[in-house]
Structures are given as structure tokens and as C-alpha cells.
file query_0.txt (compact mmCIF, C-alpha atoms)
# COMPACT_ATOMS: atom_id res chain seq x y z
CA MET A 1 -15.84 9.93 0.41
CA GLY A 2 -13.37 12.37 -1.03
CA ASP A 3 -10.09 13.94 -0.06
CA GLU A 4 -10.28 17.20 1.84
CA VAL A 5 -7.38 19.38 0.78
CA LYS A 6 -6.84 22.85 2.22
CA LEU A 7 -3.98 25.22 1.40
CA TYR A 8 -3.22 28.18 3.66
CA GLY A 9 -1.20 30.98 2.08
CA VAL A 10 -1.09 34.29 0.26
CA ASP A 11 -1.38 34.82 -3.49
CA GLY A 12 1.94 36.57 -3.98
CA SER A 13 4.16 34.08 -2.17
CA PRO A 14 6.59 32.08 -4.33
CA PHE A 15 6.66 29.40 -1.64
CA VAL A 16 2.86 29.00 -1.69
CA CYS A 17 3.05 28.94 -5.49
CA ARG A 18 5.35 25.89 -5.37
CA VAL A 19 2.57 23.99 -3.60
CA LYS A 20 -0.13 25.23 -6.03
CA ILE A 21 1.99 24.06 -8.96
CA ALA A 22 2.48 20.62 -7.43
CA LEU A 23 -1.26 20.27 -6.71
CA ASN A 24 -2.06 21.35 -10.27
CA LEU A 25 0.44 18.88 -11.72
CA LYS A 26 -1.38 16.10 -9.86
CA GLN A 27 -4.78 17.62 -10.73
CA VAL A 28 -5.76 17.78 -7.07
CA LYS A 29 -8.71 19.98 -6.13
CA TYR A 30 -8.16 22.13 -3.06
CA ASP A 31 -9.62 25.01 -1.07
CA PHE A 32 -7.38 28.05 -0.72
CA TYR A 33 -7.47 30.00 2.54
CA VAL A 34 -5.94 33.46 2.27
CA GLU A 35 -3.96 34.46 5.34
CA ASP A 36 -3.42 37.97 6.66
CA LEU A 37 0.21 37.68 7.73
CA SER A 38 -0.12 40.62 10.11
CA ASN A 39 -3.00 38.83 11.82
CA LYS A 40 -2.47 35.07 11.46
CA SER A 41 -5.53 32.87 11.76
CA ALA A 42 -6.08 30.50 14.67
CA ASP A 43 -6.04 27.68 12.12
CA LEU A 44 -2.59 28.60 10.81
CA LEU A 45 -1.16 28.78 14.34
CA LYS A 46 -2.77 25.42 15.13
CA TYR A 47 -1.48 23.74 11.98
CA ASN A 48 2.06 25.19 12.04
CA PRO A 49 2.95 26.03 15.64
CA ALA A 50 6.69 25.48 15.09
CA HIS A 51 7.19 28.15 12.40
CA LYS A 52 3.78 29.92 12.18
CA LYS A 53 4.41 30.37 8.44
CA ILE A 54 2.69 29.78 5.13
CA PRO A 55 2.26 27.64 3.08
CA VAL A 56 0.54 24.93 5.11
CA LEU A 57 -1.20 22.05 3.36
CA VAL A 58 -3.91 20.25 5.33
CA HIS A 59 -4.89 16.88 3.88
CA ASN A 60 -7.81 15.20 5.67
CA GLU A 61 -6.93 17.25 8.75
CA ASN A 62 -3.24 16.25 8.59
CA PRO A 63 -1.11 19.41 8.36
CA ILE A 64 2.19 19.57 6.47
CA SER A 65 4.49 22.63 6.50
CA GLU A 66 7.59 23.83 4.61
CA SER A 67 7.02 24.12 0.86
CA LEU A 68 9.62 21.59 -0.32
CA VAL A 69 8.45 19.05 2.29
CA ILE A 70 4.87 19.68 1.12
CA VAL A 71 5.79 19.16 -2.55
CA GLU A 72 7.50 15.82 -1.76
CA TYR A 73 4.41 14.83 0.22
CA ILE A 74 2.13 15.70 -2.70
CA ASP A 75 4.30 13.54 -4.96
CA GLU A 76 3.96 10.57 -2.60
CA ALA A 77 0.29 11.01 -1.68
CA TRP A 78 -1.12 11.33 -5.19
CA LYS A 79 -0.41 9.27 -8.31
CA GLY A 80 -0.02 10.87 -11.72
CA VAL A 81 2.81 12.95 -13.12
CA PRO A 82 5.95 12.24 -11.03
CA ILE A 83 7.61 15.28 -9.44
CA LEU A 84 10.67 13.40 -8.21
CA PRO A 85 12.47 10.62 -10.12
CA HIS A 86 12.20 7.03 -8.96
CA ASP A 87 15.92 6.23 -8.96
CA ALA A 88 17.58 6.92 -5.58
CA TYR A 89 20.67 8.61 -7.06
CA GLU A 90 18.63 10.82 -9.40
CA LYS A 91 16.35 11.67 -6.50
CA ALA A 92 19.34 12.72 -4.38
CA GLN A 93 20.53 15.02 -7.18
CA VAL A 94 17.06 16.59 -7.52
CA ARG A 95 16.89 17.16 -3.74
CA PHE A 96 20.38 18.66 -3.85
CA TRP A 97 19.43 21.23 -6.49
CA ALA A 98 16.14 22.09 -4.76
CA LYS A 99 18.07 22.69 -1.52
CA PHE A 100 20.66 24.73 -3.42
CA ASN A 101 17.92 26.99 -4.78
CA GLU A 102 16.37 27.29 -1.32
CA ASP A 103 19.55 27.85 0.72
CA LYS A 104 21.88 29.64 -1.69
CA CYS A 105 20.42 30.95 -4.94
CA ILE A 106 17.16 32.52 -3.84
CA PRO A 107 18.66 34.21 -0.74
CA ALA A 108 21.37 35.67 -3.00
CA LEU A 109 18.65 36.99 -5.32
CA PHE A 110 16.77 38.49 -2.34
CA LYS A 111 19.99 40.32 -1.42
CA ALA A 112 20.47 41.58 -4.97
CA ILE A 113 16.88 42.88 -4.99
CA GLY A 114 17.01 44.31 -1.47
CA SER A 115 20.21 46.17 -2.26
CA HIS A 116 18.70 47.63 -5.45
CA GLY A 117 21.14 45.72 -7.58
CA SER A 118 24.38 46.60 -5.78
CA GLU A 119 27.44 45.39 -7.68
CA GLU A 120 28.55 43.07 -4.89
CA ALA A 121 25.13 41.49 -4.37
CA VAL A 122 24.55 41.02 -8.10
CA ALA A 123 27.99 39.41 -8.50
CA GLU A 124 27.16 36.95 -5.71
CA ALA A 125 23.76 36.21 -7.32
CA HIS A 126 25.48 35.65 -10.67
CA GLU A 127 27.82 33.12 -9.08
CA GLN A 128 24.83 31.07 -7.88
CA LEU A 129 22.86 31.47 -11.13
CA GLN A 130 25.89 30.25 -13.06
CA PHE A 131 25.64 26.87 -11.31
CA LEU A 132 22.05 26.57 -12.58
CA GLU A 133 23.04 27.71 -16.08
CA ASN A 134 25.76 25.04 -16.15
CA GLU A 135 23.32 22.39 -14.95
CA LEU A 136 20.87 23.22 -17.76
CA ASN A 137 23.72 23.11 -20.26
CA VAL A 138 24.79 19.69 -19.07
CA LYS A 139 21.27 18.28 -18.86
CA GLY A 140 19.86 19.70 -22.09
CA GLY A 141 16.06 19.70 -22.31
CA LYS A 142 13.30 22.21 -21.70
CA PHE A 143 13.31 21.91 -17.92
CA PHE A 144 15.63 20.86 -15.08
CA GLY A 145 13.49 17.72 -15.14
CA GLY A 146 14.15 17.16 -18.87
CA ASP A 147 10.92 17.01 -20.85
CA ASN A 148 8.83 17.47 -17.74
CA VAL A 149 8.82 19.80 -14.78
CA ASN A 150 10.31 18.32 -11.57
CA LEU A 151 11.07 19.42 -8.00
CA VAL A 152 14.08 21.48 -9.13
CA ASP A 153 11.97 23.50 -11.57
CA ILE A 154 9.30 24.01 -8.92
CA SER A 155 11.86 25.09 -6.33
CA ALA A 156 13.11 27.72 -8.80
CA SER A 157 9.71 29.35 -9.44
CA PHE A 158 10.96 32.55 -7.83
CA ILE A 159 13.66 32.84 -10.49
CA ALA A 160 11.22 32.23 -13.35
CA PHE A 161 8.61 34.80 -12.37
CA TRP A 162 9.25 36.83 -9.24
CA LEU A 163 12.74 37.92 -10.24
CA GLY A 164 11.57 39.51 -13.49
CA ALA A 165 8.83 41.42 -11.67
CA ALA A 166 11.38 42.72 -9.13
CA GLU A 167 13.78 43.72 -11.92
CA GLU A 168 11.02 45.69 -13.63
CA ALA A 169 9.88 47.34 -10.40
CA LEU A 170 13.37 48.50 -9.45
CA GLY A 171 14.87 49.08 -12.87
CA ILE A 172 17.66 46.57 -12.30
CA LYS A 173 18.88 43.57 -14.27
CA VAL A 174 20.14 40.43 -12.60
CA LEU A 175 19.21 37.58 -14.95
CA ALA A 176 20.74 38.98 -18.16
CA LYS A 177 19.94 36.99 -21.31
CA ASP A 178 23.45 37.28 -22.74
CA LYS A 179 25.01 35.96 -19.55
CA PHE A 180 22.37 33.28 -18.86
CA PRO A 181 20.83 32.21 -22.17
CA LYS A 182 19.79 28.73 -21.03
CA LEU A 183 18.25 29.98 -17.79
CA THR A 184 16.39 32.73 -19.67
CA GLU A 185 15.01 30.17 -22.09
CA TRP A 186 14.04 27.94 -19.14
CA CYS A 187 12.07 30.82 -17.54
CA GLY A 188 9.96 31.14 -20.69
CA ASN A 189 9.38 27.39 -20.93
CA TYR A 190 8.49 27.11 -17.27
CA ILE A 191 5.97 29.92 -16.91
CA ASN A 192 4.20 28.85 -20.09
CA CYS A 193 3.70 25.32 -18.83
CA GLN A 194 -0.04 24.98 -18.08
CA PRO A 195 -0.02 23.82 -14.42
CA VAL A 196 2.51 26.58 -13.68
CA LYS A 197 0.62 29.26 -15.62
CA GLU A 198 -2.56 28.49 -13.65
CA SER A 199 -0.74 28.93 -10.35
CA LEU A 200 1.08 32.21 -10.92
CA PRO A 201 -0.24 35.46 -9.48
CA ALA A 202 -0.79 38.43 -11.79
CA ARG A 203 2.53 40.03 -12.67
CA GLU A 204 1.26 43.57 -12.02
CA ILE A 205 0.54 42.64 -8.41
CA LEU A 206 4.13 41.49 -7.92
CA VAL A 207 5.60 44.54 -9.64
CA ALA A 208 3.48 46.77 -7.40
CA PHE A 209 4.59 44.76 -4.33
CA PHE A 210 8.30 45.12 -5.16
CA LYS A 211 7.89 48.82 -5.93
CA LYS A 212 6.18 49.38 -2.59
CA ARG A 213 8.61 47.22 -0.59
CA PHE A 214 11.93 48.18 -2.15
CA GLY A 215 11.24 51.01 -4.57
CA GLY A 216 11.82 54.71 -4.26
CA ASN A 217 15.46 55.36 -5.03
CA MET B 1 30.60 -5.62 -3.95
CA GLY B 2 33.44 -4.50 -1.73
CA ASP B 3 33.83 -1.81 0.90
CA ALA B 4 35.56 0.41 -1.65
CA ASP B 5 32.25 0.87 -3.46
CA VAL B 6 31.20 3.17 -0.63
CA VAL B 7 33.53 5.97 0.43
CA LEU B 8 32.80 8.69 2.98
CA LEU B 9 34.64 12.01 2.95
CA ASP B 10 34.17 13.36 6.45
CA PHE B 11 35.62 15.22 9.43
CA TRP B 12 35.43 13.41 12.76
CA PRO B 13 33.81 16.14 14.97
CA SER B 14 31.20 17.06 12.36
CA MET B 15 27.67 16.43 13.59
CA PHE B 16 26.62 16.35 9.93
CA GLY B 17 29.15 13.67 9.03
CA MET B 18 28.06 11.67 12.09
CA ARG B 19 24.54 11.46 10.64
CA VAL B 20 25.87 9.58 7.62
CA ARG B 21 28.04 7.31 9.79
CA ILE B 22 24.98 6.36 11.88
CA ALA B 23 22.89 5.62 8.76
CA LEU B 24 25.64 3.43 7.28
CA ALA B 25 25.98 1.59 10.61
CA GLU B 26 22.21 1.08 10.89
CA LYS B 27 22.27 -0.62 7.48
CA GLY B 28 25.45 -2.58 8.20
CA ILE B 29 27.18 -1.11 5.13
CA GLY B 30 30.95 -1.46 4.89
CA TYR B 31 32.75 1.64 3.65
CA VAL B 32 36.07 3.40 3.39
CA TYR B 33 36.34 6.44 5.65
CA LYS B 34 38.54 9.29 4.44
CA GLU B 35 39.27 11.96 7.03
CA GLN B 36 39.38 15.44 5.47
CA ASP B 37 41.51 18.42 6.50
CA LEU B 38 39.06 21.29 6.12
CA LEU B 39 41.85 23.87 6.13
CA ASN B 40 43.56 22.09 3.28
CA LYS B 41 40.83 20.59 1.11
CA THR B 42 41.78 17.71 -1.15
CA PRO B 43 41.27 17.75 -4.93
CA LEU B 44 38.88 14.81 -4.41
CA LEU B 45 36.61 16.80 -2.09
CA LEU B 46 36.65 19.83 -4.37
CA GLU B 47 35.85 17.64 -7.38
CA MET B 48 33.03 15.75 -5.66
CA ASN B 49 31.39 18.77 -4.03
CA PRO B 50 32.36 21.71 -6.23
CA ILE B 51 29.41 23.90 -5.27
CA HIS B 52 29.65 23.79 -1.47
CA LYS B 53 33.14 22.28 -0.97
CA LYS B 54 31.88 20.72 2.27
CA ILE B 55 31.76 17.41 4.06
CA PRO B 56 30.15 14.96 4.35
CA VAL B 57 30.28 13.58 0.82
CA LEU B 58 29.26 9.99 0.13
CA LEU B 59 30.76 8.34 -2.93
CA HIS B 60 28.82 5.30 -4.13
CA ASN B 61 30.52 3.54 -7.03
CA GLY B 62 32.40 6.78 -7.62
CA LYS B 63 29.27 8.96 -7.84
CA PRO B 64 28.94 11.73 -5.21
CA ILE B 65 25.96 12.52 -3.00
CA ASN B 66 26.12 15.72 -0.92
CA GLU B 67 24.24 17.26 2.03
CA SER B 68 23.93 15.02 5.09
CA CYS B 69 20.12 14.72 5.17
CA ILE B 70 20.03 13.98 1.46
CA ILE B 71 22.76 11.35 1.92
CA VAL B 72 20.85 9.67 4.78
CA GLN B 73 17.70 9.46 2.63
CA TYR B 74 19.78 8.10 -0.26
CA ILE B 75 21.25 5.40 2.00
CA ASP B 76 17.78 4.47 3.25
CA GLU B 77 16.35 4.25 -0.29
CA THR B 78 19.31 2.40 -1.82
CA TRP B 79 19.72 -0.20 0.95
CA SER B 80 16.00 -0.53 1.45
CA ASP B 81 15.94 -4.20 2.43
CA LYS B 82 16.85 -3.64 6.07
CA SER B 83 16.43 -1.24 9.01
CA SER B 84 14.12 1.28 7.39
CA LEU B 85 14.90 4.81 8.58
CA MET B 86 11.67 6.38 7.32
CA PRO B 87 8.04 5.52 8.09
CA SER B 88 6.07 4.03 5.20
CA ASP B 89 3.03 6.32 5.47
CA PRO B 90 3.42 9.52 3.33
CA PHE B 91 2.12 11.83 6.06
CA LEU B 92 4.49 10.41 8.68
CA ARG B 93 7.33 10.63 6.17
CA ALA B 94 6.50 14.31 5.68
CA GLN B 95 6.61 14.78 9.47
CA ALA B 96 10.03 13.11 9.66
CA ARG B 97 11.32 15.36 6.85
CA PHE B 98 9.80 18.43 8.51
CA TRP B 99 11.56 17.77 11.82
CA ALA B 100 14.92 16.98 10.22
CA ASP B 101 14.51 20.23 8.26
CA TYR B 102 13.65 22.06 11.53
CA VAL B 103 16.88 20.76 13.09
CA ASP B 104 18.84 21.90 10.04
CA LYS B 105 17.28 25.36 9.99
CA LYS B 106 17.48 26.06 13.71
CA VAL B 107 19.81 23.96 15.85
CA TYR B 108 23.28 24.56 14.38
CA ASP B 109 23.12 28.37 14.19
CA ALA B 110 21.60 28.65 17.66
CA SER B 111 24.15 26.21 19.12
CA LYS B 112 27.06 28.31 17.84
CA LYS B 113 25.75 31.32 19.73
CA THR B 114 26.08 29.43 23.03
CA TRP B 115 29.87 29.32 22.78
CA THR B 116 31.08 31.82 20.18
CA LEU B 117 29.39 34.89 21.67
CA LYS B 118 29.98 36.69 24.96
CA GLY B 119 27.97 38.54 27.60
CA GLU B 120 24.42 39.62 26.79
CA GLU B 121 24.55 38.18 23.27
CA GLN B 122 25.60 34.79 24.63
CA GLU B 123 22.77 34.81 27.19
CA LYS B 124 20.27 35.54 24.41
CA GLY B 125 21.84 32.77 22.32
CA LYS B 126 21.57 30.24 25.15
CA LYS B 127 17.91 31.15 25.68
CA GLU B 128 17.16 30.76 21.97
CA PHE B 129 18.99 27.41 21.84
CA ILE B 130 17.06 26.03 24.82
CA GLU B 131 13.75 27.20 23.33
CA ILE B 132 14.52 25.30 20.14
CA LEU B 133 15.48 22.17 22.09
CA LYS B 134 12.23 22.46 24.07
CA VAL B 135 10.20 22.47 20.83
CA LEU B 136 12.02 19.31 19.73
CA GLU B 137 11.57 17.77 23.18
CA GLY B 138 7.85 18.56 22.98
CA GLN B 139 7.60 16.90 19.61
CA ILE B 140 9.13 13.66 20.90
CA GLY B 141 6.75 13.89 23.89
CA GLU B 142 5.99 10.52 25.48
CA LYS B 143 7.17 8.58 22.43
CA SER B 144 10.45 6.69 22.41
CA TYR B 145 11.61 8.48 19.27
CA PHE B 146 10.43 11.32 17.01
CA MET B 147 8.13 9.17 14.91
CA GLY B 148 7.04 6.68 17.55
CA GLU B 149 8.69 3.44 18.58
CA SER B 150 11.13 3.23 15.66
CA PHE B 151 14.45 5.06 15.60
CA GLY B 152 14.84 6.88 12.30
CA TYR B 153 15.67 9.83 10.10
CA ALA B 154 14.54 12.67 12.38
CA ASP B 155 16.34 11.13 15.40
CA ILE B 156 19.52 10.80 13.33
CA ALA B 157 19.28 14.47 12.31
CA LEU B 158 19.31 15.65 15.94
CA VAL B 159 21.12 13.05 18.04
CA THR B 160 24.55 13.85 16.59
CA PHE B 161 24.42 17.24 18.34
CA TYR B 162 24.36 15.32 21.66
CA SER B 163 28.11 14.76 21.38
CA TRP B 164 28.53 18.55 21.38
CA PHE B 165 26.28 19.24 24.40
CA TYR B 166 29.17 18.94 26.89
CA THR B 167 31.04 21.62 24.90
CA TYR B 168 28.06 24.00 24.78
CA GLU B 169 27.34 23.47 28.50
CA THR B 170 30.92 23.91 29.62
CA LEU B 171 31.75 26.94 27.48
CA GLY B 172 28.26 28.41 27.88
CA ASN B 173 27.97 27.65 31.57
CA PHE B 174 24.50 26.10 31.55
CA SER B 175 22.86 22.69 31.85
CA ILE B 176 20.83 21.28 29.00
CA GLU B 177 19.61 18.36 31.15
CA LYS B 178 18.20 20.79 33.70
CA GLU B 179 16.16 22.56 31.02
CA CYS B 180 15.29 19.58 28.81
CA PRO B 181 15.44 16.37 30.88
CA LYS B 182 13.22 14.43 28.47
CA LEU B 183 15.42 15.34 25.54
CA ILE B 184 18.47 14.00 27.38
CA ALA B 185 16.50 10.82 28.20
CA TRP B 186 15.73 10.47 24.47
CA ALA B 187 19.42 11.01 23.59
CA LYS B 188 20.52 8.34 26.09
CA ARG B 189 17.92 6.00 24.60
CA CYS B 190 19.41 6.58 21.15
CA MET B 191 22.90 5.97 22.59
CA GLN B 192 21.78 2.44 23.52
CA ARG B 193 21.86 1.72 19.81
CA GLU B 194 25.29 0.57 18.69
CA SER B 195 25.09 2.64 15.49
CA VAL B 196 24.85 5.78 17.64
CA SER B 197 27.17 4.89 20.54
CA LYS B 198 29.93 3.72 18.20
CA THR B 199 29.57 6.79 15.96
CA LEU B 200 29.36 9.69 18.41
CA PRO B 201 32.84 10.70 19.61
CA ASP B 202 33.57 11.10 23.31
CA PRO B 203 32.14 14.53 24.22
CA LYS B 204 35.40 15.38 26.05
CA LYS B 205 37.32 14.85 22.80
CA ILE B 206 34.99 17.28 21.03
CA TYR B 207 35.50 19.77 23.86
CA ASP B 208 39.30 19.47 23.63
CA PHE B 209 39.10 19.95 19.88
CA VAL B 210 36.98 23.11 20.25
CA VAL B 211 39.27 24.55 22.95
CA GLU B 212 42.25 23.97 20.64
CA MET B 213 40.42 25.64 17.71
CA ARG B 214 39.56 28.59 19.93
CA SER B 215 43.13 29.20 20.96
CA LYS B 216 44.36 28.80 17.39
CA PHE B 217 41.77 31.06 15.81
CA GLY B 218 40.75 33.24 18.74
CA LEU B 219 37.08 32.26 18.54
call {"tool": "encode", "arguments": {"input": "query_0.txt", "output": "C-alpha cells"}}
result
Amino acid sequence: MGDEVKLYGVDGSPFVCRVKIALNLKQVKYDFYVEDLSNKSADLLKYNPAHKKIPVLVHNENPISESLVIVEYIDEAWKGVPILPHDAYEKAQVRFWAKFNEDKCIPALFKAIGSHGSEEAVAEAHEQLQFLENELNVKGGKFFGGDNVNLVDISASFIAFWLGAAEEALGIKVLAKDKFPKLTEWCGNYINCQPVKESLPAREILVAFFKKRFGGN
Amino acid sequence: MGDADVVLLDFWPSMFGMRVRIALAEKGIGYVYKEQDLLNKTPLLLEMNPIHKKIPVLLHNGKPINESCIIVQYIDETWSDKSSLMPSDPFLRAQARFWADYVDKKVYDASKKTWTLKGEEQEKGKKEFIEILKVLEGQIGEKSYFMGESFGYADIALVTFYSWFYTYETLGNFSIEKECPKLIAWAKRCMQRESVSKTLPDPKKIYDFVVEMRSKFGL
């Protein structure tokens, strides 16, 4: 009697990738169901009627939606490498930074990309990235989680991999090495970490996506 | 361990601050309440929440925790010996987190549209707000609370908005009870808990506050 684990998503989504990374960290085997977002499957609509979005994790027919909620669930449902710390205060800090990435930093980066690197949008993105740079400076260590990847690192996957592909596609620079040396170093550490590496889509696909979606100046 | 070990920086009409007050009351935790003037933020608030500069902020032994849902979970995990606010099963916990997240993503922004917009835009806003409440009402269904027979995290996330319903209804000229009678029944059930009834301000006070803000700032 084994676990049945299904993940509904698309390959290029940074939100789906968060879930893949968490499953890989816990060494959980799963079946991946590719969704056509212009023609959502009956299963997806059944499993996530409230938002009708991907990713959705289905564990023994129990559906969970919203990537950060899913990652916390994965941490609680499977033993192994911890994704959140045990201490309540440390946990609160980790949740805070994950929410910051979700609510503030990544939307600011979307704006910077969508505006083709407009001065105003990039300045706003820099303000948010600076908070992360400061946090890495204070913490020290390879990752936001110290020696190991944690929820904060996972929540920032977009910054580590998608942002660079968008910058290349549009010929813009948002995460400059001289301005954000710690964050740049973190990107390299993070994408080279095995469970992360296994989960990332091919870079060329992302570059092509950003060119198609936002390119053509 | 005295009351001063736990300090709450808050603003009385804030539905986010109310969430923390309910959680502290559920656990029977003594604390010092410090009312904040949001137009004239104190050095303490700016020091303890430098990124968002918002309330509520919980200080526990001088260390800050920010974001109301994160604070409520922190309270539940730190004072874990009584009145658990989360289910113990991981899947049910994920459901509770999902619904609190749904409230955070949807309810506040939609609720603002019911009283800050006018004409056609306001009508659309009211419709959107009711649709969201209907989803939440549907999720509670025939259960007493979101996750079954125990009051908890997801209920706390939503019930604080109940104190603002009178304001939305009066300024928006609509009835939430008419559209979502089961949701109102759930809210009244929550209000039978002392932690909720003693925390939520009188809806008329909230209304008076909003009317005053409107005239001051022309909202």
C-alpha cells in the first residue's frame, strides 16, 4: 500500500516548481499531470474549484492548493529533510520572508519585467531585493536556510532562475551583481543544489517564453 | 512571566489586529496593548516592522512577529498546551491554511470596493464581495465552523470582518444576511465565544470611525 501523489501543473511555472523542489527534497515519488491553462482539465476544476489554478497536489485523493500551503503540507506529511524550522519564532520568521517574496518582491519583479525594465519599476524591485540582500548578509550561509534550503529559498525560486531568463530575453538587468553580491551568490548556490536542479525547466524554454510574452521592443 | 512579556502594537478598528486579540484571548494570555496612531507611526513600530511598517505586531520577550496570520500561528504553536487553533491532521491543517489564505487574498480588497467606490463600479464591487462570501459560506456548509466542530484559525481569519459588515451594508446599501444567511449564522455562533465577542468592537463604532475618516480624507 503506497502513497498516491499527483501534481497538476505546467513545466514553466515557478509556483509549480516550488512544489517539485519540496517533493524532491523529501524524495517523494509523484505523477505529473500537465495542464493546458487555456483548457483546464475537469480534474483541476474539481480539485481547486476556489481558484482554478495550478499547482494542485493530490495526496491519496486529498487535494491541496496554493504553492506555499502545499510546501508546508509536504513538510508535515513526509519525514526527512526539514523545510521549516522546528522553533516557533524561527518558523514565524521563515513564513514572514516567504510571504514577503510572494506578496512584495516577486510582484515587483513581474512589474520590472513587464515594463521592459522601466526606471521606476526597477527602482521599486531594487528596494524589495535589498531587503533580501540584507537578510543574507545578516544570516551568513549558503542559503536563506543556512546550510540547507528552506521555505524562504523555495519561495524565491523565481528570483534564482526565472529572473535571469527574463533579463536575457528582454536585454534588461535587474539583479545586478555589484548591487546584490550576496543574492547573486545565493542564486548560484540554489540552482546548483541537486533537488532544485532536478526540478527546474530548461532555461531556453523560459527565455523563449519571456521573449514571446514581453519581447519585441 | 508577566504580562509585559507579550506586547501587541495594534489599531482598534483593524480586522487584522482583531485576529491576534482573539488568538491571545483563546489562549488566556495576558498582554500589554499599545494603540498605534497610523498617521504618526512610533519609532517602536518602525523598528519592529521596518519592512511593512504595519500593525499588528506582536512582541514576545522583545522579539517581533509580523503579519496577522503568521502571528496567530505563532501564538498557537508557542502556547500549545491549551485551546488548539489548528487541527492535528496535516491535510486538515493545509485546508485551514488555504482558507485563511483565501480570506487574505480576496476579502479585504473586495470589501473596500463596497464602500470606497461609486455607481457602476460599486455595484460590481458589491457583487464580487458577495460571491467571495458565498464561497466561504459554502465551505463552512453544514459544519459549525470551517474545519468542523472546533473553532480555529480559519474562523479567526474571517470572523473579524463581521464587525465591519454593518459599515459595508450601510454605506453600500445592501444586506449581507439576505445573500449569505448561513454565513451570518456562523458569525453569530463565533460571537458566542467570549474571545470573539469581547474582541470585536461595536459595529456602530466602526461605522462612526469610517464616516469620520471619509469626511477627513474625502474617501
call {"tool": "atom_distance", "arguments": {"input": "query_0.txt", "atom1": "atom CA of A:Ala202", "atom2": "atom CA of A:Ser115"}}
result
24.3 Å
call {"tool": "residues_around", "arguments": {"input": "query_0.txt", "residues": "B:Gln139", "least_positions_apart": "5", "cutoff": "10 Å", "atoms": "all atoms listed in the file", "output": "PyMOL selection string"}}
result
(chain A and resi 50) or (chain B and resi 99+133-134+145-147+183)
call {"tool": "closest_atom_pairs", "arguments": {"input": "query_0.txt", "of": "chain B", "to": "chain A", "cutoff": "7 Å", "atoms": "all atoms listed in the file", "output": "Markdown table"}}
result
| residue | atom | partner | partner_atom | distance |
| --- | --- | --- | --- | --- |
| B:Ile65 | CA | A:Ala92 | CA | 6.8 |
| B:Ile70 | CA | A:Ala92 | CA | 6.0 |
| B:Tyr74 | CA | A:Ala88 | CA | 5.9 |
| B:Glu77 | CA | A:Ala88 | CA | 6.1 |
| B:Thr78 | CA | A:Ala88 | CA | 6.1 |
| B:Pro90 | CA | A:Glu76 | CA | 6.0 |
| B:Phe91 | CA | A:Tyr73 | CA | 7.0 |
| B:Ala94 | CA | A:Tyr73 | CA | 5.9 |
| B:Arg97 | CA | A:Val69 | CA | 6.5 |
| B:Phe98 | CA | A:Val69 | CA | 6.4 |
call {"tool": "atom_distance", "arguments": {"input": "query_0.txt", "atom1": "atom CA of A:Phe144", "atom2": "atom CA of A:Gly12"}}
result
23.6 Å
call {"tool": "atom_distance", "arguments": {"input": "query_0.txt", "atom1": "atom CA of A:Ser199", "atom2": "atom CA of A:Leu44"}}
result
21.2 Å
call {"tool": "closest_residue", "arguments": {"input": "query_0.txt", "among": "A:Lys111, A:Glu168, A:Lys197, A:Glu133", "to": "A:Phe180", "atoms": "all atoms listed in the file"}}
result
A:Glu133
call {"tool": "build_atoms", "arguments": {"input": "query_0.txt", "residues": "stretch 2-16 of chain A", "atoms": "N, CA, C and O atoms", "output": "tab-separated table (two decimals), keeping the file's coordinate frame"}}
result
chain	number	residue	atom	x	y	z
A	2	GLY	N	-14.47	11.79	-0.26
A	2	GLY	CA	-13.37	12.37	-1.03
A	2	GLY	C	-12.26	12.87	-0.13
A	2	GLY	O	-12.37	12.85	1.09
A	3	ASP	N	-11.20	13.33	-0.76
A	3	ASP	CA	-10.09	13.94	-0.06
A	3	ASP	C	-10.48	15.37	0.30
A	3	ASP	O	-11.06	16.08	-0.50
A	4	GLU	N	-10.12	15.79	1.51
A	4	GLU	CA	-10.28	17.20	1.84
A	4	GLU	C	-8.90	17.83	1.83
A	4	GLU	O	-8.02	17.42	2.62
A	5	VAL	N	-8.70	18.76	0.91
A	5	VAL	CA	-7.38	19.38	0.78
A	5	VAL	C	-7.51	20.88	0.96
A	5	VAL	O	-8.24	21.53	0.22
A	6	LYS	N	-6.79	21.41	1.95
A	6	LYS	CA	-6.84	22.85	2.22
A	6	LYS	C	-5.42	23.40	2.10
A	6	LYS	O	-4.47	22.76	2.56
A	7	LEU	N	-5.29	24.57	1.49
A	7	LEU	CA	-3.98	25.22	1.40
A	7	LEU	C	-4.10	26.60	2.01
A	7	LEU	O	-4.95	27.40	1.60
A	8	TYR	N	-3.25	26.87	3.00
A	8	TYR	CA	-3.22	28.18	3.66
A	8	TYR	C	-2.05	28.96	3.09
A	8	TYR	O	-0.92	28.45	3.06
A	9	GLY	N	-2.30	30.21	2.65
A	9	GLY	CA	-1.20	30.98	2.08
A	9	GLY	C	-1.62	32.36	1.65
A	9	GLY	O	-2.69	32.85	2.04
A	10	VAL	N	-0.76	33.01	0.89
A	10	VAL	CA	-1.09	34.29	0.26
A	10	VAL	C	-0.78	34.16	-1.22
A	10	VAL	O	0.10	33.40	-1.61
A	11	ASP	N	-1.50	34.94	-2.03
A	11	ASP	CA	-1.38	34.82	-3.49
A	11	ASP	C	0.01	35.13	-4.00
A	11	ASP	O	0.48	34.51	-4.93
A	12	GLY	N	0.68	36.10	-3.41
A	12	GLY	CA	1.94	36.57	-3.98
A	12	GLY	C	3.17	35.77	-3.58
A	12	GLY	O	4.27	36.03	-4.05
A	13	SER	N	2.99	34.78	-2.70
A	13	SER	CA	4.16	34.08	-2.17
A	13	SER	C	4.70	33.04	-3.14
A	13	SER	O	3.96	32.16	-3.58
A	14	PRO	N	6.00	33.09	-3.45
A	14	PRO	CA	6.59	32.08	-4.33
A	14	PRO	C	6.63	30.70	-3.69
A	14	PRO	O	6.65	29.69	-4.39
A	15	PHE	N	6.62	30.68	-2.36
A	15	PHE	CA	6.66	29.40	-1.64
A	15	PHE	C	5.29	28.72	-1.72
A	15	PHE	O	5.20	27.51	-1.92
A	16	VAL	N	4.23	29.52	-1.54
A	16	VAL	CA	2.86	29.00	-1.69
A	16	VAL	C	2.66	28.52	-3.12
A	16	VAL	O	2.07	27.47	-3.36
